[in-house]
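Structure file input_11.txt (compact mmCIF, C-alpha atoms) follows.
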```txt
# COMPACT_ATOMS: atom_id res chain seq x y z
CA VAL A 1 94.20 87.55 109.84
CA THR A 2 97.69 88.45 111.09
CA ASP A 3 99.34 85.46 109.38
CA ASP A 4 97.69 86.36 106.07
CA ILE A 5 98.77 89.98 106.48
CA GLU A 6 102.42 89.20 107.19
CA GLN A 7 102.59 86.69 104.35
CA ALA A 8 101.19 89.24 101.90
CA GLY A 9 103.09 92.30 102.98
CA GLY A 10 106.41 90.74 103.84
CA PHE A 11 106.51 92.75 107.06
CA VAL A 12 106.09 91.90 110.73
CA ALA A 13 102.80 93.38 111.88
CA ALA A 14 104.00 93.97 115.44
CA ARG A 15 107.03 95.89 114.15
CA VAL A 16 104.85 98.13 111.98
CA GLN A 17 102.68 98.85 115.02
CA GLU A 18 105.80 99.79 117.00
CA ILE A 19 107.00 102.05 114.19
CA ALA A 20 103.64 103.79 113.98
CA ALA A 21 103.75 104.45 117.72
CA GLU A 22 107.37 105.68 117.59
CA ALA A 23 106.57 108.00 114.68
CA GLY A 24 103.50 109.44 116.39
CA PHE A 25 101.25 108.22 113.56
CA ARG A 26 97.75 109.12 114.70
CA ASP A 27 95.60 107.25 112.16
CA LYS A 28 95.09 104.21 114.37
CA ARG A 29 92.27 102.86 112.22
CA ALA A 30 94.62 102.71 109.21
CA ILE A 31 97.24 100.82 111.22
CA GLN A 32 94.57 98.46 112.47
CA MET A 33 93.51 97.67 108.88
CA LEU A 34 97.13 97.20 107.81
CA THR A 35 98.25 94.97 110.66
CA GLU A 36 95.22 93.37 112.32
CA THR A 37 91.81 93.29 110.68
CA GLY A 38 92.52 93.79 106.99
CA SER A 39 91.07 96.53 104.81
CA SER A 40 87.46 97.47 104.18
CA HIS A 41 85.44 98.18 101.06
CA GLY A 42 84.00 101.22 102.83
CA THR A 43 80.47 100.13 102.01
CA LYS A 44 78.05 100.64 104.88
CA ARG A 45 74.88 99.77 102.95
CA PHE A 46 76.04 97.00 100.63
CA PRO A 47 72.99 95.49 98.86
CA LEU A 48 72.90 91.70 98.76
CA THR A 49 71.53 91.92 95.22
CA SER A 50 74.75 93.52 94.03
CA TYR A 51 77.06 91.90 91.54
CA ALA A 52 80.57 90.94 92.54
CA GLY A 53 81.74 93.57 90.08
CA ARG A 54 84.17 91.67 87.90
CA ASN A 55 85.13 93.18 84.59
CA HIS A 56 84.57 90.64 81.83
CA GLN A 57 86.15 92.89 79.18
CA GLY A 58 88.78 90.92 77.28
CA ALA A 59 88.16 87.73 79.24
CA GLY A 60 88.37 85.56 76.13
CA ARG A 61 90.85 87.62 74.17
CA HIS A 62 93.46 87.67 76.95
CA HIS A 63 92.60 84.36 78.55
CA ALA A 64 96.10 82.88 78.24
CA ILE A 65 97.80 85.94 79.73
CA VAL A 66 95.35 86.27 82.61
CA THR A 67 95.59 82.54 83.30
CA LYS A 68 99.34 82.90 83.76
CA MET A 69 98.68 85.66 86.29
CA MET A 70 95.99 83.60 88.04
CA LYS A 71 98.35 80.63 88.40
CA SER A 72 100.92 82.86 90.08
CA LYS A 73 98.24 84.19 92.42
CA VAL A 74 97.30 80.62 93.35
CA ALA A 75 100.97 79.78 93.97
CA GLU A 76 101.41 82.90 96.12
CA GLU A 77 98.24 82.04 98.07
CA HIS A 78 96.32 85.18 97.18
CA PHE A 79 93.16 83.10 97.42
CA GLU A 80 91.58 81.36 100.39
CA VAL A 81 92.09 77.62 100.23
CA ALA A 82 88.86 75.64 100.08
CA THR A 83 88.21 72.86 102.58
CA GLY A 84 89.06 69.33 101.57
CA ASP A 85 91.63 68.36 98.98
CA ASP A 86 90.28 70.32 96.02
CA GLY A 87 92.89 73.11 96.26
CA PRO A 88 92.25 76.84 96.19
CA ALA A 89 89.33 76.56 93.75
CA LYS A 90 85.90 74.95 93.80
CA GLN A 91 83.46 73.97 91.10
CA ARG A 92 80.98 76.06 93.04
CA PRO A 93 81.41 78.30 96.10
CA ASP A 94 79.79 77.64 99.44
CA THR A 95 77.63 80.73 99.07
CA ILE A 96 77.07 83.36 96.40
CA PRO A 97 74.53 85.89 97.71
CA PHE A 98 74.84 87.96 94.54
CA GLY A 99 75.50 87.61 90.82
CA VAL A 100 79.03 86.83 89.64
CA VAL A 101 80.49 87.72 86.27
CA PRO A 102 83.86 86.41 85.04
CA MET A 103 87.01 88.25 85.95
CA GLY A 104 88.62 89.67 82.83
CA GLY A 105 91.84 91.00 81.41
CA THR A 106 92.39 94.64 80.52
CA VAL A 107 95.36 95.94 78.59
CA GLN A 108 97.05 98.63 80.65
CA ARG A 109 97.27 102.05 79.08
CA GLN A 110 100.45 102.39 77.08
CA LYS A 111 102.79 105.03 78.41
CA ASP A 112 102.66 108.17 76.26
CA LYS A 113 106.36 108.11 75.50
CA GLU A 114 106.39 104.45 74.45
CA ARG A 115 103.24 104.81 72.38
CA TYR A 116 104.55 107.85 70.54
CA GLU A 117 107.93 106.30 69.79
CA ILE A 118 106.28 103.17 68.40
CA GLU A 119 103.83 105.17 66.28
CA ARG A 120 106.59 107.43 65.00
CA TYR A 121 109.48 105.07 64.50
CA GLY A 122 107.82 101.65 64.40
CA GLY A 123 108.05 98.64 66.65
CA GLU A 124 105.78 96.33 68.59
CA ILE A 125 103.64 97.36 71.52
CA ALA A 126 104.43 95.28 74.60
CA LYS A 127 101.01 94.65 76.10
CA ASN A 128 100.77 94.48 79.85
CA VAL A 129 97.53 92.70 80.64
CA ARG A 130 96.23 92.38 84.17
CA GLY A 131 93.21 90.77 85.64
CA THR A 132 90.83 93.53 86.57
CA TYR A 133 88.11 93.97 89.14
CA ASN A 134 85.54 96.54 88.14
CA GLY A 135 83.85 97.70 91.30
CA SER A 136 81.45 99.85 89.26
CA PHE A 137 79.92 96.92 87.36
CA PRO A 138 77.07 96.55 86.36
CA HIS A 139 76.57 100.36 86.22
CA ASP A 140 72.96 100.20 87.31
CA GLY A 141 73.19 101.45 90.90
CA THR A 142 73.77 98.03 92.47
CA SER A 143 77.57 97.84 92.22
CA PRO A 144 79.92 97.78 95.22
CA ASN A 145 81.21 101.25 94.38
CA ASP A 146 77.67 102.64 94.25
CA SER A 147 77.36 101.67 97.91
CA CYS A 148 80.76 102.97 98.95
CA GLU A 149 80.60 105.66 101.63
CA PRO A 150 84.19 106.61 102.56
CA ASP A 151 84.65 108.60 105.73
CA GLU A 152 85.61 112.02 104.41
CA GLY A 153 87.21 112.88 107.71
CA THR A 154 89.90 110.23 107.23
CA ALA A 155 90.37 110.48 103.45
CA ARG A 156 93.55 112.56 103.28
CA PRO A 157 94.19 114.71 100.18
CA TRP A 158 96.69 113.15 97.82
CA VAL A 159 99.96 114.83 96.91
CA THR A 160 100.02 117.14 93.90
CA LEU A 161 102.85 118.66 91.86
CA ARG A 162 102.21 121.96 93.66
CA ASN A 163 103.10 120.33 97.00
CA VAL A 164 106.37 119.07 95.54
CA VAL A 165 107.29 122.41 93.94
CA LEU A 166 106.60 124.44 97.08
CA GLY A 167 108.83 122.16 99.13
CA ALA A 168 111.59 122.32 96.51
CA CYS A 169 111.42 126.13 96.50
CA ILE A 170 112.06 126.23 100.24
CA LEU A 171 115.09 123.98 99.89
CA LYS A 172 116.40 126.06 96.98
CA SER A 173 116.22 129.20 99.14
CA ILE A 174 118.72 127.74 101.64
CA GLY A 175 121.72 128.29 99.40
CA ALA A 176 123.07 124.80 99.97
CA THR A 177 125.87 123.27 97.94
CA SER A 178 123.28 121.19 96.11
CA VAL A 179 119.59 120.28 96.13
CA GLN A 180 118.81 116.85 94.72
CA PHE A 181 116.06 114.26 94.83
CA PHE A 182 115.66 110.55 94.25
CA LYS A 183 112.68 108.26 93.79
CA LEU A 184 111.75 104.94 95.37
CA ASP A 185 108.97 102.61 94.31
CA LEU A 186 107.49 99.83 96.44
CA LYS A 187 107.55 96.36 94.91
CA ALA A 188 104.18 94.62 94.53
CA ALA A 189 102.76 97.29 96.82
CA TYR A 190 99.15 96.67 95.89
CA THR A 191 99.24 93.19 97.40
CA GLN A 192 100.33 94.40 100.82
CA LEU A 193 96.81 94.86 102.19
CA ILE A 194 94.73 91.87 103.16
CA HIS A 195 90.95 92.25 103.03
CA GLN A 196 88.70 91.79 106.05
CA LYS A 197 87.42 88.24 106.39
CA SER A 198 83.91 89.46 107.03
CA GLN A 199 83.83 91.15 103.62
CA ARG A 200 85.60 88.56 101.46
CA TRP A 201 82.28 87.10 100.37
CA ARG A 202 82.21 90.08 97.99
CA GLN A 203 85.46 88.95 96.42
CA THR A 204 84.45 85.67 94.82
CA ILE A 205 85.81 85.38 91.30
CA PHE A 206 85.52 82.75 88.60
CA TRP A 207 88.36 81.67 86.34
CA SER A 208 89.14 78.34 84.70
CA TRP A 209 91.76 76.92 82.36
CA MET A 210 92.86 73.63 80.88
CA GLU A 211 95.95 71.72 81.95
CA GLY A 212 96.26 68.80 79.56
CA SER A 213 92.82 67.26 79.49
CA LYS A 214 91.82 68.48 82.96
CA LEU A 215 89.83 71.61 83.70
CA GLN A 216 91.42 73.68 86.47
CA GLY A 217 90.21 76.66 88.49
CA GLY A 218 86.66 77.57 89.25
CA TYR A 219 85.34 79.86 91.96
CA MET A 220 87.99 81.43 94.17
CA ARG A 221 87.86 83.99 96.96
CA ASP A 222 90.57 86.67 96.92
CA LYS A 223 92.18 87.50 100.27
CA ARG A 224 93.89 90.70 99.06
CA MET A 225 92.39 94.16 98.88
CA GLU A 226 91.11 94.50 95.34
CA TRP A 227 92.02 97.45 93.14
CA GLY A 228 89.04 98.73 91.24
CA MET A 229 87.06 99.25 94.42
CA ALA A 230 86.38 102.92 95.19
CA TYR A 231 87.87 102.75 98.68
CA SER A 232 91.09 100.87 97.87
CA GLY A 233 93.25 103.87 96.96
CA THR A 234 92.16 105.77 100.05
CA VAL A 235 92.92 102.84 102.36
CA PHE A 236 96.34 102.28 100.80
CA PHE A 237 97.23 105.97 101.01
CA ARG A 238 96.19 106.10 104.66
CA ALA A 239 97.75 102.84 105.77
CA VAL A 240 100.93 102.56 103.70
CA THR A 241 101.83 105.81 101.93
CA SER A 242 101.20 108.19 104.82
CA LEU A 243 102.89 105.96 107.39
CA MET A 244 105.93 105.48 105.15
CA VAL A 245 106.28 109.25 104.60
CA ARG A 246 105.98 109.89 108.32
CA TRP A 247 108.62 107.25 109.13
CA ILE A 248 111.07 108.51 106.49
CA GLU A 249 110.80 112.12 107.63
CA ARG A 250 111.25 111.08 111.25
CA ALA A 251 114.40 109.16 110.26
CA LEU A 252 115.76 112.23 108.46
CA VAL A 253 115.23 114.38 111.56
CA ARG A 254 116.63 111.90 114.06
CA GLU A 255 119.41 110.16 112.11
CA TRP A 256 120.44 112.62 109.39
CA MET A 257 120.04 116.22 110.59
CA PRO A 258 122.57 115.98 113.48
CA HIS A 259 125.29 114.97 110.98
CA ILE A 260 124.79 117.62 108.28
CA GLN A 261 128.07 119.24 107.20
CA ASP A 262 126.99 121.93 104.73
CA GLU A 263 127.55 125.28 106.50
CA ALA A 264 124.77 127.11 104.64
CA VAL A 265 122.32 124.42 105.67
CA ARG A 266 123.44 124.48 109.30
CA LYS A 267 123.06 128.27 109.34
CA TRP A 268 119.54 127.96 107.90
CA MET A 269 118.61 125.38 110.53
CA ARG A 270 119.78 127.69 113.33
CA GLU A 271 117.82 130.62 111.89
CA ARG A 272 114.67 128.52 111.55
CA ALA A 273 114.95 127.51 115.19
CA GLU A 274 115.44 131.14 116.28
CA GLN A 275 112.30 132.08 114.32
CA GLY A 276 110.28 129.47 116.16
CA LEU A 277 110.21 127.18 113.12
CA GLY A 278 112.32 124.46 114.62
CA GLY A 279 109.55 121.87 114.64
CA GLU A 280 110.34 118.35 113.58
CA MET A 281 109.94 119.01 109.84
CA GLN A 282 109.87 122.82 109.70
CA GLY A 283 113.57 122.93 110.44
CA CYS A 284 114.54 119.94 108.29
CA PRO A 285 116.40 120.65 105.01
CA GLY A 286 114.74 117.71 103.34
CA PHE A 287 111.30 116.19 102.87
CA CYS A 288 109.48 113.17 101.47
CA HIS A 289 106.27 113.02 99.46
CA GLY A 290 104.42 109.90 98.40
CA PHE A 291 101.80 109.11 95.79
CA LEU A 292 100.49 105.63 96.59
CA ASP A 293 103.57 103.40 96.06
CA ASP A 294 105.88 106.12 94.65
CA PHE A 295 108.07 108.17 96.99
CA TRP A 296 110.19 111.26 96.22
CA ILE A 297 112.86 112.39 98.67
CA PHE A 298 114.29 115.91 98.32
CA ILE A 299 117.50 116.83 100.13
CA ALA A 300 119.57 120.03 100.47
CA GLY A 301 123.21 119.87 101.50
CA SER A 302 126.66 118.81 100.43
CA LEU A 303 127.11 115.73 98.28
CA GLN A 304 128.16 113.85 101.42
CA ASP A 305 125.00 115.04 103.19
CA ILE A 306 122.83 113.83 100.32
CA ALA A 307 124.56 110.44 100.22
CA LEU A 308 124.01 110.03 103.97
CA ALA A 309 120.36 111.00 103.61
CA LYS A 310 119.81 108.26 101.04
CA THR A 311 121.41 105.72 103.37
CA VAL A 312 119.09 106.79 106.18
CA VAL A 313 116.02 106.58 103.92
CA MET A 314 116.91 103.12 102.64
CA LYS A 315 117.34 101.95 106.22
CA ALA A 316 113.87 103.33 107.03
CA PHE A 317 112.38 101.22 104.25
CA TYR A 318 114.27 98.19 105.52
CA ASP A 319 113.03 98.76 109.08
CA MET A 320 109.43 98.91 107.87
CA GLY A 321 109.76 95.63 106.00
CA PHE A 322 108.36 96.82 102.68
CA HIS A 323 110.23 95.81 99.53
CA VAL A 324 111.65 98.38 97.10
CA SER A 325 111.49 97.79 93.34
CA GLU A 326 115.06 97.03 92.32
CA SER A 327 114.52 97.98 88.66
CA LYS A 328 113.19 101.42 89.63
CA LEU A 329 115.98 101.81 92.18
CA GLU A 330 118.59 101.35 89.44
CA THR A 331 117.01 103.89 87.07
CA GLU A 332 115.61 106.50 89.48
CA GLY A 333 117.17 105.82 92.87
CA THR A 334 120.35 107.87 92.40
CA PRO A 335 120.12 111.44 93.79
CA ALA A 336 120.11 114.00 90.99
CA ALA A 337 119.02 117.57 90.30
CA GLN A 338 116.87 116.58 87.33
CA GLY A 339 114.11 114.04 86.86
CA VAL A 340 110.44 113.45 86.19
CA ILE A 341 107.71 113.67 88.85
CA LEU A 342 104.02 113.21 88.10
CA GLY A 343 104.68 113.58 84.39
CA HIS A 344 106.61 116.86 84.67
CA ASP A 345 110.29 117.54 84.12
CA ILE A 346 111.91 118.90 87.31
CA ASP A 347 115.21 120.81 87.08
CA LEU A 348 116.50 121.92 90.47
CA ASN A 349 119.58 123.56 88.94
CA ASP A 350 117.47 126.06 87.01
CA GLY A 351 114.56 125.95 89.44
CA THR A 352 112.09 125.10 86.69
CA VAL A 353 109.20 122.76 86.01
CA GLY A 354 108.82 121.97 82.35
CA VAL A 355 107.63 119.67 79.64
CA THR A 356 109.37 116.31 79.50
CA GLU A 357 111.89 115.64 76.76
CA TYR A 358 109.75 113.24 74.78
CA LYS A 359 106.86 115.71 74.71
CA ARG A 360 109.19 118.37 73.31
CA VAL A 361 110.35 115.90 70.66
CA ARG A 362 106.75 115.07 69.84
CA ALA A 363 105.88 118.76 69.42
CA ARG A 364 108.93 119.33 67.23
CA ASP A 365 108.07 116.37 65.02
CA LEU A 366 104.50 117.61 64.71
CA VAL A 367 105.66 121.04 63.51
CA ASN A 368 108.12 119.46 61.08
CA ASP A 369 105.38 117.22 59.68
CA MET A 370 103.13 120.26 59.16
CA GLU A 371 105.91 122.08 57.32
CA VAL A 372 106.50 119.08 55.06
CA GLU A 373 102.78 118.77 54.29
CA GLY A 374 102.61 122.52 53.60
CA LYS A 375 105.30 122.21 50.95
```
Before anything else, please render the file you have as C-alpha cells.
Amino acid sequence: VTDDIEQAGGFVAARVQEIAAEAGFRDKRAIQMLTETGSSHGTKRFPLTSYAGRNHQGAGRHHAIVTKMMKSKVAEEHFEVATGDDGPAKQRPDTIPFGVVPMGGTVQRQKDKERYEIERYGGEIAKNVRGTYNGSFPHDGTSPNDSCEPDEGTARPWVTLRNVVLGACILKSIGATSVQFFKLDLKAAYTQLIHQKSQRWRQTIFWSWMEGSKLQGGYMRDKRMEWGMAYSGTVFFRAVTSLMVRWIERALVREWMPHIQDEAVRKWMRERAEQGLGGEMQGCPGFCHGFLDDFWIFIAGSLQDIALAKTVVMKAFYDMGFHVSESKLETEGTPAAQGVILGHDIDLNDGTVGVTEYKRVRARDLVNDMEVEGK
C-alpha cells in the first residue's frame, strides 16, 4: 500500500523511515503502519455480524453539504476504485459480510467563543458539517469499537496542560532574554494514514446523489483511516504526533543549540551538563509538545535565538514531508509570550495560566445582566 500511503500523506515513505531511524524513534510498529502496511482498527475479535458503524444522523438534512465533501473525496481518491469502468462506486459491493447503514453528516460543535458572540451580539452560525463514521453504532455490543482491544503497552499518554506548564516553568527559570512559543497545525492531518487492505472490508460506506438526471455514487470503500473508530486517535498519536515531536526536538538539539547567543542560556546549558543533566533534551532550552495535529514549540533565548529556532523547526516539518496549515501559521505561527493552549490563556511574561479573554468577557456580561435584572 506504499503508493496509497504516499499519495495520501504527501510524504515519501522511505524518507520517513530514514528520519525515524535517525531520530532513534523506537515505536517500529507505528512507523510500519504509517509507511508500509497502513493502520489498524485494533480489533482482534471483530464479529462478522457487526455493522459497518456509519452514523446516519443528519444524512437527509445535510445531504447537499456531505455530497460536496464526498465528491472531493472521490476526486482525491480516498476510495478504492472498483474494477471495470464504473468509477469509484458500485451499485452493490462485491461483499458485505455485515449490515451497512448510510454515512451521515454531523454539524461540528461550535467553538465556545463564536457561539457566545453570536448569541450575545447576533449573527449567523457558520455550520461546518462533516461526514461522520460512528464506530460505536449500533450500540448493542456488536459495533467495531465494542471489539476494539488496543495494546495498552503502546498507547502513550496524551499531552496535558500540566506537561506544558512544567516545561515552561523550567524555561522561565533560566533567566533568558525572552521565553516565547509558537504553534503549528498540520494540514489535512487526519487523511495521512492509510488503512490496512485486509481490514478495509469494514469501511464500506453508501452515499448517492443526483447529477442532472443520473444517480451517482453507491457503495464505496474508504482507503483512509476513519475517525470515529476507537483506535484511530491512538494510532495517529503514535505514528505521526510522537514522531514529529521527536524529530523537532532532535533538530533543536543538533541544529539550534550550538548557535545560541543568549549568555544566560549558555550558562544554564553548561550548568546542566556539569550536573549530569546534559542529555539530548535535558540540556535543551526549548521543547515541543503535540496534541494530535497541533504542535507547540517553546523557546528560551534572545530574539535572534528564537527566530533561528523557528527556522529550524519549519525545516524539520519540510524534511518530514507533512504540510502545515497556512491559515493557522499566519495567526498562531509567530513566536510570542502570550497565547492560548488547550483552551487556557498562557502568559509567559507574568508566568501565569488564566482564563481566556472571551471567557472573562462572558463572565462580565453575565454579572452585568444580573445587575440589570435586579434593578
* Asked: Got a sec to check which residues sit within 12 Å of (119.7, 114.7, 107.1), counting all atoms listed in the file, and write them as a VMD selection string?
  -> chain A and resid 248 to 262 265 to 266 269 280 to 281 283 to 288 297 to 313
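Between CA of Asp347 (chain A) and CA of Ala273 (chain A) there is a distance of 28.9 Å.
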* **Pick from A:Gln32, A:Ser325, A:Ser39, A:Asn368 nearest to Gln196 (chain A), counting only C-alpha atoms** =>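 Closest candidate: A:Ser39.
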* Separation of CA of Tyr318 (chain A) and CA of Ser242 (chain A), in Å? -> 16.5 Å
* Up to 9 Å from (96.3, 85.4, 97.3) in the file's coordinates: name the residues, counting all atoms listed in the file, as a VMD selection string. => chain A and resid 4 8 72 to 80 191 194 221 to 224
